[in-house]
Amino acid sequence: MSLIQAQNITRIYSLGDVELRALGGVTVTIDRGEFVAVMGPSGSGKSTFMNILGCLDKPTEGRYLVEGIDIGGLSRDDLAEIRNNKLGFVFQGFNLLSRTSALENVELPMLYNGHAARERHDRAREALRSVGLAGREDHHPNQLSGGQQQRVAIARALVNRAPIILADEPTGNLDTKTSREIMELLVRLNSDSGITIILVTHEHDIAAYSRRIIRFKDGVVVSDELTQKD
Amino acid sequence: MVNIPSTIRIAFRALRVNKMRSGLTMLGIIIGVAAVIAMVAVGAGASSKIAEQISSMGSNLLIILPGATTSGGVRMGAGTQPTLTMGDAEAIMRECPAVEAVAPTHNGVAQVVYSHMNWSTGVVGTTPSYLYIREWQLAGGRTFTAQDVKSATKAALVGRTVVENLFGDEDPVGKVIRIQNLPFTVLGVLAEKGQDARGHDQDDTIMIPITTAQKKLFGVQFPGMVRIITVKAKSIQDLAAAERQITELLKQRHRIGPKQDNDFTVRNLTQFMQAREESSKVMTLLLGAIASVSLLVGGIGIMNIMLVSVTERTREIGIRMAIGAKTWDIRLQFLIEALALSLLGGIIGIVIGVSASTIISRASGWPVIVSPLSVLLAFGFSGIVGMFFGFYPAYKASLLNPIDALRYE
Ligand SMILES: Nc1ncnc2c1ncn2[C@@H]1O[C@H](COP(=O)(O)OP(=O)(O)OP(=O)(O)O)[C@@H](O)[C@H]1O
Ligand SMILES: [Mg+2]
């Protein structure tokens, strides 16, 4: 059974009388342990697709299954639970809670699934250490650089041991050197822990870290191929 | 499976971040709760004071004064002329079935001396039934008897204040005091009564047999003259009947024609005091109601701030939803914030309300009673206000679409 099965997904935005077809029948299957890059021109539907994969949005038509579970029939709270323990998000804009320490930001997902405070602490510390931020636990987001903030976000995505990390342009706000560091971190998580990573990027050298590239254009998949790696 | 302790922490952090705003929002509740407590305390204090005065006066009381009544007041002039007699008092006792006891009094002010101490006080000449009517106990010794009245004995009962000023720590019973230079034997000491409705010290008094007052101390303008007749009706229902019967009887005895004004006045003190007590209760309720309105306004303030807070923190809500917050996680977060605001405001309000009550009581000299019930009620009410006005913003926040919330700028 594949980890992610998107079958003929469409997503139509209604803007008054106008209907905008952001996704026009997308079928994608992703297996455990894959490292997938999603590419395509601006407005081609990459983010729309990622939001559906992340259970933040529902497809207008089509079926979407995570670990064999059909998302279509789930309630809001069921979806929240899936986001909580199966999916980790890394956003372009980091989306950390300001005025909240790095440690508490990382603890956040565990607040919503009943871990004891002690365990939350230990695991959050561990996650921060694994992204190279040991000693920064008490810093607030505005006291951290962009790259460090993105590491906090990655630690937050890791902390619940979700099998999937979805990253929509995670390096979009970072310089080349920092981008490379973040990508190396993601590659390591993929190869060491077997976490499935799906990331959106505009840049070829970022996509080059992946082993499979799916290209979008006008809401449909135009190519889906493995990268040449030695 | 909502994590309550951390939700509480999240809520309190949000409140701390916006200290100024949280404080201002709470102000509404603080003022409301403090007002409710202080108002109710002042009202309850007034009621209790009035109730105390009623019971110190004796129950089911009628007072008959010489002089005519015109629209509620005693008209002076011809009325100052004493018109009541011992005979009137006896006749009332004999002929008015609604009357239980009668005590004529003849009083004045006199200089009292004991050893080298002297004191000026009110001396009341009366009969033993006066103590019964006024529900006045003895703190020591015994009262004078009907026989003392008959033979105009020089016997006296002394009030607390007189004892303090003449005797200090000495036991007055059996001692001889001089009232206007006449020797009187102290038979008993009156129990403490406190102030009457006009703030007059009721314990600053000496009681002697009425005949002694008439014949030996103050004198009379005509035989058997008394200044006041105090009457106790059989029950509160009998008060009106007693008033009617007495008026009828005295009209007859004083030969007052149908077109003439009465030369006496019957006052129903119990009714008057009860009306005062009733109105003070209504006042308490009214004050409480007005104060409650400010609590309500405070609640609306909380809702207002919570709605702003929800809008402001849409992105935060989106982030929380994206990483797994469920409907009730979000709802509880905002609900607890609203509750914390209102309950914290409630607690501060209680502290201020209780201190204000104490200050009012000190400044005015009136008793102020902070009832635990009003504190509990104010606290509970502020909690309900928080819940009620917090729910809508919380509900609104929980219905946001995660992706819309995340994209919110
Ligand atoms: N909430 C929305 N309401 C209406 N239209 C939307 C909404 N979100 C996206 N769209 C439209 O859907 C289409 C796909 O948008 P999407 O964000 O998926 O593009 P993208 O591939 O992520 O682009 P970019 O590379 O610029 O991020 C665009 O035409 C966009 O205008
Ligand atoms: Mg996008």
# chains A, B, ... in the order shown; residues from 1 in each chain; ligands from 1

$ residues_near_ligand --ligand "ligand 2" --cutoff "8 Å" --atoms "only C-alpha atoms and all ligand atoms" --output "ChimeraX atom specification"
/A:42-43,45-48,168-169,200

$ write_last_selection --atoms "C-alpha atoms" --output "compact mmCIF listing (two decimals), in the first residue's frame"
# COMPACT_ATOMS: atom_id res chain seq x y z
CA SER A 42 3.92 30.21 -10.64
CA GLY A 43 0.19 29.62 -10.47
CA GLY A 45 -1.25 24.65 -8.66
CA LYS A 46 1.73 23.40 -6.63
CA SER A 47 0.63 24.97 -3.36
CA THR A 48 -2.97 23.97 -3.95
CA ASP A 168 6.19 24.40 0.39
CA GLU A 169 9.21 26.39 -0.81
CA VAL A 200 7.92 22.48 -3.64

$ residues_near_ligand --ligand "ligand 1" --cutoff "9 Å" --atoms "only C-alpha atoms and all ligand atoms" --output "count of residues only"
35

$ atom_distance --atom1 "atom CA of Ser130 of chain A" --atom2 "atom CA of Leu185 of chain A"
9.1 Å

$ interface_residues --of "chain A" --to "chain B" --cutoff "9 Å" --atoms "only C-alpha atoms" --output "PyMOL selection string"
chain A and resi 51+54-57+76-85+87-89+95-100+108-115+117+156-157

$ write_last_selection --atoms "N, CA and C atoms" --output "CSV table (one decimal), in the first residue's frame"
chain,number,residue,atom,x,y,z
A,51,ASN,N,-1.5,21.7,-0.2
A,51,ASN,CA,-2.5,21.9,0.8
A,51,ASN,C,-3.4,20.7,0.9
A,54,GLY,N,-1.6,17.9,2.5
A,54,GLY,CA,-1.5,18.2,3.9
A,54,GLY,C,-2.8,18.2,4.7
A,55,CYS,N,-3.9,17.9,4.0
A,55,CYS,CA,-5.2,17.8,4.7
A,55,CYS,C,-5.6,19.2,5.3
A,56,LEU,N,-5.0,20.3,4.7
A,56,LEU,CA,-5.5,21.6,5.1
A,56,LEU,C,-6.6,22.0,4.2
A,57,ASP,N,-6.8,21.4,3.1
A,57,ASP,CA,-7.8,21.8,2.2
A,57,ASP,C,-8.4,20.4,1.6
A,76,ARG,N,-13.6,17.2,10.7
A,76,ARG,CA,-12.5,18.2,10.9
A,76,ARG,C,-11.5,17.7,12.0
A,77,ASP,N,-12.1,17.1,13.0
A,77,ASP,CA,-11.2,16.6,14.1
A,77,ASP,C,-10.4,15.4,13.7
A,78,ASP,N,-10.9,14.6,12.9
A,78,ASP,CA,-10.2,13.4,12.3
A,78,ASP,C,-9.0,13.9,11.5
A,79,LEU,N,-9.3,15.0,10.7
A,79,LEU,CA,-8.3,15.6,9.8
A,79,LEU,C,-7.2,16.2,10.7
A,80,ALA,N,-7.6,16.8,11.8
A,80,ALA,CA,-6.6,17.5,12.7
A,80,ALA,C,-5.7,16.4,13.2
A,81,GLU,N,-6.3,15.2,13.5
A,81,GLU,CA,-5.5,14.2,14.1
A,81,GLU,C,-4.5,13.6,13.1
A,82,ILE,N,-4.9,13.5,11.8
A,82,ILE,CA,-4.0,13.1,10.8
A,82,ILE,C,-2.9,14.1,10.6
A,83,ARG,N,-3.2,15.4,10.6
A,83,ARG,CA,-2.2,16.4,10.4
A,83,ARG,C,-1.2,16.3,11.6
A,84,ASN,N,-1.8,16.0,12.8
A,84,ASN,CA,-1.0,16.0,14.0
A,84,ASN,C,0.1,14.9,14.0
A,85,ASN,N,-0.4,13.7,13.6
A,85,ASN,CA,0.6,12.6,13.8
A,85,ASN,C,1.1,11.9,12.5
A,87,LEU,N,1.6,14.1,9.5
A,87,LEU,CA,2.1,15.1,8.6
A,87,LEU,C,2.9,16.1,9.4
A,88,GLY,N,4.0,16.5,8.8
A,88,GLY,CA,4.8,17.7,9.3
A,88,GLY,C,4.8,18.7,8.3
A,89,PHE,N,4.6,20.0,8.7
A,89,PHE,CA,4.6,21.1,7.7
A,89,PHE,C,5.9,21.9,7.8
A,95,ASN,N,6.1,30.2,9.7
A,95,ASN,CA,4.9,30.0,10.5
A,95,ASN,C,5.2,29.5,11.9
A,96,LEU,N,6.1,30.2,12.6
A,96,LEU,CA,6.3,29.9,14.0
A,96,LEU,C,5.4,30.9,14.8
A,97,LEU,N,5.1,30.5,16.1
A,97,LEU,CA,4.4,31.4,16.9
A,97,LEU,C,5.4,32.4,17.5
A,98,SER,N,5.1,33.7,17.2
A,98,SER,CA,6.0,34.7,17.8
A,98,SER,C,5.8,34.8,19.3
A,99,ARG,N,6.6,35.4,20.0
A,99,ARG,CA,6.5,35.5,21.5
A,99,ARG,C,6.4,34.2,22.2
A,100,THR,N,7.0,33.2,21.5
A,100,THR,CA,6.9,31.8,22.1
A,100,THR,C,8.3,31.3,21.8
A,108,LEU,N,4.6,22.3,20.5
A,108,LEU,CA,3.2,22.6,20.1
A,108,LEU,C,2.5,21.4,19.6
A,109,PRO,N,3.0,20.6,18.6
A,109,PRO,CA,2.2,19.5,18.1
A,109,PRO,C,1.9,18.5,19.2
A,110,MET,N,2.8,18.4,20.2
A,110,MET,CA,2.5,17.4,21.3
A,110,MET,C,1.5,17.8,22.3
A,111,LEU,N,1.2,19.2,22.3
A,111,LEU,CA,0.2,19.7,23.1
A,111,LEU,C,-1.2,19.1,22.8
A,112,TYR,N,-1.3,18.8,21.5
A,112,TYR,CA,-2.6,18.3,21.0
A,112,TYR,C,-2.7,16.8,20.9
A,113,ASN,N,-1.8,16.1,21.4
A,113,ASN,CA,-2.0,14.7,21.5
A,113,ASN,C,-1.7,14.0,22.8
A,114,GLY,N,-1.7,14.8,23.8
A,114,GLY,CA,-1.7,14.2,25.2
A,114,GLY,C,-0.4,13.7,25.7
A,115,HIS,N,0.7,14.2,25.3
A,115,HIS,CA,2.0,13.8,25.9
A,115,HIS,C,2.1,14.5,27.2
A,117,ALA,N,4.1,16.5,30.1
A,117,ALA,CA,4.9,17.7,30.0
A,117,ALA,C,6.4,17.3,29.9
A,156,ARG,N,9.8,21.1,14.6
A,156,ARG,CA,8.4,21.0,15.0
A,156,ARG,C,7.7,19.9,14.1
A,157,ALA,N,8.1,19.8,12.8
A,157,ALA,CA,7.5,18.8,11.9
A,157,ALA,C,8.0,17.4,12.3

$ atom_distance --atom1 "atom CA of Ile305 of chain B" --atom2 "atom CA of Leu377 of chain B"
24.1 Å

$ select_by_dssp --residues "segment 42-191 of chain A" --states "strand (DSSP E)" --output "ChimeraX atom specification"
/A:61-66,69-70,87-90,164-168

$ select_by_dssp --residues "segment 81-166 of chain A" --states "alpha helix (DSSP H)" --output "PyMOL selection string"
chain A and resi 81-86+102-111+117-130+146-158

$ write_last_selection --atoms "N, CA and C atoms" --output "short mmCIF file (atom, residue, chain, number, x, y, z; two decimals), in the first residue's frame"
data_model
loop_
_atom_site.label_atom_id
_atom_site.label_comp_id
_atom_site.auth_asym_id
_atom_site.auth_seq_id
_atom_site.Cartn_x
_atom_site.Cartn_y
_atom_site.Cartn_z
N GLU A 81 -6.29 15.24 13.53
CA GLU A 81 -5.48 14.16 14.09
C GLU A 81 -4.47 13.64 13.07
N ILE A 82 -4.91 13.53 11.83
CA ILE A 82 -3.99 13.08 10.79
C ILE A 82 -2.85 14.09 10.60
N ARG A 83 -3.23 15.38 10.56
CA ARG A 83 -2.19 16.41 10.44
C ARG A 83 -1.22 16.32 11.62
N ASN A 84 -1.78 16.01 12.77
CA ASN A 84 -0.97 15.99 13.97
C ASN A 84 0.06 14.87 13.98
N ASN A 85 -0.36 13.66 13.60
CA ASN A 85 0.60 12.56 13.78
C ASN A 85 1.10 11.91 12.50
N LYS A 86 0.59 12.36 11.33
CA LYS A 86 1.11 11.77 10.10
C LYS A 86 1.84 12.78 9.23
N ALA A 102 11.59 28.82 21.12
CA ALA A 102 11.82 27.76 20.14
C ALA A 102 11.32 26.43 20.70
N LEU A 103 11.66 26.19 21.97
CA LEU A 103 11.28 24.92 22.59
C LEU A 103 9.76 24.76 22.59
N GLU A 104 9.08 25.83 22.97
CA GLU A 104 7.62 25.74 23.05
C GLU A 104 6.99 25.60 21.67
N ASN A 105 7.60 26.25 20.69
CA ASN A 105 7.12 26.07 19.33
C ASN A 105 7.21 24.61 18.90
N VAL A 106 8.32 23.98 19.27
CA VAL A 106 8.51 22.58 18.88
C VAL A 106 7.57 21.67 19.68
N GLU A 107 7.29 22.08 20.91
CA GLU A 107 6.39 21.26 21.74
C GLU A 107 4.95 21.28 21.24
N LEU A 108 4.63 22.33 20.50
CA LEU A 108 3.24 22.58 20.13
C LEU A 108 2.46 21.37 19.62
N PRO A 109 2.99 20.61 18.63
CA PRO A 109 2.19 19.48 18.13
C PRO A 109 1.87 18.46 19.22
N MET A 110 2.76 18.36 20.22
CA MET A 110 2.54 17.37 21.27
C MET A 110 1.51 17.84 22.27
N LEU A 111 1.22 19.18 22.26
CA LEU A 111 0.17 19.69 23.14
C LEU A 111 -1.16 19.10 22.75
N ALA A 117 4.08 16.51 30.13
CA ALA A 117 4.94 17.68 30.00
C ALA A 117 6.41 17.29 29.92
N ARG A 118 6.81 16.35 30.75
CA ARG A 118 8.19 15.88 30.80
C ARG A 118 8.63 15.37 29.44
N GLU A 119 7.77 14.49 28.89
CA GLU A 119 8.10 13.87 27.61
C GLU A 119 8.12 14.93 26.50
N ARG A 120 7.18 15.87 26.57
CA ARG A 120 7.15 16.95 25.58
C ARG A 120 8.48 17.69 25.59
N HIS A 121 8.93 18.02 26.79
CA HIS A 121 10.19 18.74 26.94
C HIS A 121 11.35 17.96 26.33
N ASP A 122 11.45 16.73 26.74
CA ASP A 122 12.59 15.91 26.30
C ASP A 122 12.59 15.75 24.80
N ARG A 123 11.42 15.46 24.25
CA ARG A 123 11.37 15.23 22.81
C ARG A 123 11.63 16.51 22.03
N ALA A 124 11.12 17.62 22.54
CA ALA A 124 11.34 18.90 21.84
C ALA A 124 12.83 19.25 21.85
N ARG A 125 13.47 19.04 22.99
CA ARG A 125 14.91 19.29 23.10
C ARG A 125 15.68 18.42 22.11
N GLU A 126 15.29 17.16 22.09
CA GLU A 126 15.94 16.20 21.20
C GLU A 126 15.78 16.64 19.74
N ALA A 127 14.56 17.05 19.40
CA ALA A 127 14.30 17.47 18.02
C ALA A 127 15.13 18.71 17.67
N LEU A 128 15.23 19.64 18.61
CA LEU A 128 16.02 20.84 18.35
C LEU A 128 17.50 20.48 18.17
N ARG A 129 17.96 19.52 18.98
CA ARG A 129 19.35 19.10 18.86
C ARG A 129 19.59 18.48 17.48
N SER A 130 18.59 17.68 17.03
CA SER A 130 18.79 16.97 15.76
C SER A 130 18.81 17.93 14.57
N GLY A 146 16.71 33.53 9.72
CA GLY A 146 15.74 32.81 8.90
C GLY A 146 16.03 31.32 8.85
N GLY A 147 17.30 30.98 8.66
CA GLY A 147 17.66 29.57 8.57
C GLY A 147 17.38 28.85 9.88
N GLN A 148 17.68 29.55 10.99
CA GLN A 148 17.42 28.93 12.29
C GLN A 148 15.92 28.77 12.53
N GLN A 149 15.15 29.79 12.09
CA GLN A 149 13.70 29.67 12.25
C GLN A 149 13.17 28.47 11.47
N GLN A 150 13.72 28.30 10.25
CA GLN A 150 13.25 27.18 9.45
C GLN A 150 13.65 25.85 10.10
N ARG A 151 14.79 25.84 10.78
CA ARG A 151 15.18 24.62 11.50
C ARG A 151 14.21 24.32 12.63
N VAL A 152 13.79 25.40 13.33
CA VAL A 152 12.79 25.20 14.39
C VAL A 152 11.53 24.58 13.79
N ALA A 153 11.13 25.12 12.61
CA ALA A 153 9.93 24.61 11.96
C ALA A 153 10.12 23.13 11.59
N ILE A 154 11.32 22.77 11.14
CA ILE A 154 11.58 21.37 10.80
C ILE A 154 11.54 20.49 12.05
N ALA A 155 12.13 21.02 13.13
CA ALA A 155 12.08 20.27 14.39
C ALA A 155 10.64 20.05 14.81
N ARG A 156 9.81 21.07 14.62
CA ARG A 156 8.40 20.96 14.97
C ARG A 156 7.72 19.89 14.11
N ALA A 157 8.12 19.81 12.83
CA ALA A 157 7.53 18.82 11.94
C ALA A 157 7.98 17.41 12.31
N LEU A 158 9.17 17.32 12.94
CA LEU A 158 9.73 16.01 13.27
C LEU A 158 9.20 15.45 14.58
#

$ residues_around --residues "Ala156 of chain B" --least-positions-apart "4" --cutoff "9 Å" --atoms "only C-alpha atoms" --output "PyMOL selection string"
chain B and resi 143-144+177+184-189+206-209

$ write_last_selection --atoms "N, CA and C atoms" --output "PDB file, in the first residue's frame"
ATOM      1  N   THR B 143     -36.454  44.738  89.056  1.00  0.00           N
ATOM      2  CA  THR B 143     -37.197  45.920  88.628  1.00  0.00           C
ATOM      3  C   THR B 143     -38.087  46.403  89.781  1.00  0.00           C
ATOM      4  N   PHE B 144     -38.617  47.601  89.664  1.00  0.00           N
ATOM      5  CA  PHE B 144     -39.603  48.029  90.662  1.00  0.00           C
ATOM      6  C   PHE B 144     -40.946  47.405  90.337  1.00  0.00           C
ATOM      7  N   ILE B 177     -28.343  56.781  94.938  1.00  0.00           N
ATOM      8  CA  ILE B 177     -27.925  57.912  94.110  1.00  0.00           C
ATOM      9  C   ILE B 177     -28.844  59.082  94.423  1.00  0.00           C
ATOM     10  N   PHE B 184     -32.321  58.060  95.849  1.00  0.00           N
ATOM     11  CA  PHE B 184     -33.009  56.928  95.205  1.00  0.00           C
ATOM     12  C   PHE B 184     -32.154  55.686  95.399  1.00  0.00           C
ATOM     13  N   THR B 185     -32.786  54.555  95.649  1.00  0.00           N
ATOM     14  CA  THR B 185     -32.053  53.307  95.753  1.00  0.00           C
ATOM     15  C   THR B 185     -32.032  52.640  94.383  1.00  0.00           C
ATOM     16  N   VAL B 186     -30.857  52.219  93.965  1.00  0.00           N
ATOM     17  CA  VAL B 186     -30.767  51.531  92.671  1.00  0.00           C
ATOM     18  C   VAL B 186     -31.208  50.082  92.871  1.00  0.00           C
ATOM     19  N   LEU B 187     -32.303  49.711  92.183  1.00  0.00           N
ATOM     20  CA  LEU B 187     -32.810  48.343  92.315  1.00  0.00           C
ATOM     21  C   LEU B 187     -32.193  47.420  91.266  1.00  0.00           C
ATOM     22  N   GLY B 188     -31.966  47.975  90.086  1.00  0.00           N
ATOM     23  CA  GLY B 188     -31.477  47.098  89.012  1.00  0.00           C
ATOM     24  C   GLY B 188     -30.716  47.877  87.949  1.00  0.00           C
ATOM     25  N   VAL B 189     -30.027  47.144  87.129  1.00  0.00           N
ATOM     26  CA  VAL B 189     -29.276  47.730  86.014  1.00  0.00           C
ATOM     27  C   VAL B 189     -29.919  47.242  84.717  1.00  0.00           C
ATOM     28  N   ILE B 206     -32.465  56.680  83.202  1.00  0.00           N
ATOM     29  CA  ILE B 206     -32.795  56.121  84.519  1.00  0.00           C
ATOM     30  C   ILE B 206     -34.307  55.938  84.549  1.00  0.00           C
ATOM     31  N   MET B 207     -34.785  54.809  85.041  1.00  0.00           N
ATOM     32  CA  MET B 207     -36.228  54.595  85.156  1.00  0.00           C
ATOM     33  C   MET B 207     -36.628  54.577  86.623  1.00  0.00           C
ATOM     34  N   ILE B 208     -37.724  55.280  86.892  1.00  0.00           N
ATOM     35  CA  ILE B 208     -38.242  55.299  88.264  1.00  0.00           C
ATOM     36  C   ILE B 208     -39.756  55.093  88.196  1.00  0.00           C
ATOM     37  N   PRO B 209     -40.409  54.794  89.271  1.00  0.00           N
ATOM     38  CA  PRO B 209     -41.877  54.668  89.251  1.00  0.00           C
ATOM     39  C   PRO B 209     -42.497  55.992  88.800  1.00  0.00           C
TER      40      PRO B 209
END

$ residues_around --residues "Ile30 of chain A" --least-positions-apart "3" --cutoff "10 Å" --atoms "only C-alpha atoms" --output "list in words"
Met1, Ser2, Leu3, Ile4, Gln5, Ala6, Gly33, Glu34, Phe35, Val36, Val66, Thr196, Ile197, Ile198 and Arg212 of chain A

$ residues_around --residues "segment 348-358 of chain B" --least-positions-apart "3" --cutoff "6 Å" --atoms "only C-alpha atoms" --output "PDB file with N, CA, C and O atoms, in the first residue's frame"
ATOM      1  N   ILE B  30     -14.142  44.360  36.827  1.00  0.00           N
ATOM      2  CA  ILE B  30     -13.706  44.780  38.168  1.00  0.00           C
ATOM      3  C   ILE B  30     -14.706  45.772  38.754  1.00  0.00           C
ATOM      4  O   ILE B  30     -15.194  45.594  39.865  1.00  0.00           O
ATOM      5  N   VAL B  33     -18.142  44.010  39.503  1.00  0.00           N
ATOM      6  CA  VAL B  33     -18.150  43.140  40.681  1.00  0.00           C
ATOM      7  C   VAL B  33     -17.996  43.969  41.956  1.00  0.00           C
ATOM      8  O   VAL B  33     -18.724  43.785  42.931  1.00  0.00           O
ATOM      9  N   ALA B  34     -17.056  44.931  41.921  1.00  0.00           N
ATOM     10  CA  ALA B  34     -16.842  45.760  43.114  1.00  0.00           C
ATOM     11  C   ALA B  34     -18.119  46.512  43.454  1.00  0.00           C
ATOM     12  O   ALA B  34     -18.513  46.586  44.615  1.00  0.00           O
ATOM     13  N   ILE B  37     -20.774  44.186  45.007  1.00  0.00           N
ATOM     14  CA  ILE B  37     -20.466  43.814  46.388  1.00  0.00           C
ATOM     15  C   ILE B  37     -20.656  44.994  47.334  1.00  0.00           C
ATOM     16  O   ILE B  37     -21.309  44.879  48.370  1.00  0.00           O
ATOM     17  N   ALA B  38     -20.118  46.151  46.951  1.00  0.00           N
ATOM     18  CA  ALA B  38     -20.210  47.312  47.838  1.00  0.00           C
ATOM     19  C   ALA B  38     -21.661  47.750  48.014  1.00  0.00           C
ATOM     20  O   ALA B  38     -22.113  47.994  49.129  1.00  0.00           O
ATOM     21  N   GLY B 345     -10.691  39.473  36.841  1.00  0.00           N
ATOM     22  CA  GLY B 345     -11.397  40.731  37.096  1.00  0.00           C
ATOM     23  C   GLY B 345     -12.322  40.581  38.285  1.00  0.00           C
ATOM     24  O   GLY B 345     -12.424  41.470  39.126  1.00  0.00           O
ATOM     25  N   SER B 361     -17.983  51.926  55.488  1.00  0.00           N
ATOM     26  CA  SER B 361     -18.477  51.684  56.834  1.00  0.00           C
ATOM     27  C   SER B 361     -17.733  52.537  57.852  1.00  0.00           C
ATOM     28  O   SER B 361     -18.326  53.118  58.761  1.00  0.00           O
TER      29      SER B 361
END

$ atom_distance --atom1 "atom CA of Met183 of chain A" --atom2 "atom CA of Ala37 of chain A"
11.5 Å

$ residues_around --residues "Phe391 of chain B" --least-positions-apart "3" --cutoff "8 Å" --atoms "only C-alpha atoms" --output "list in words"
Arg331, Phe334, Leu335, Met387, Phe388, Ala394 and Tyr395 of chain B

$ residues_around --residues "segment 295-302 of chain B" --least-positions-apart "4" --cutoff "12 Å" --atoms "only C-alpha atoms" --output "number ranges by chain"
B: 21-37, 288-291, 306-309, 334-343, 345-346, 349, 377-394
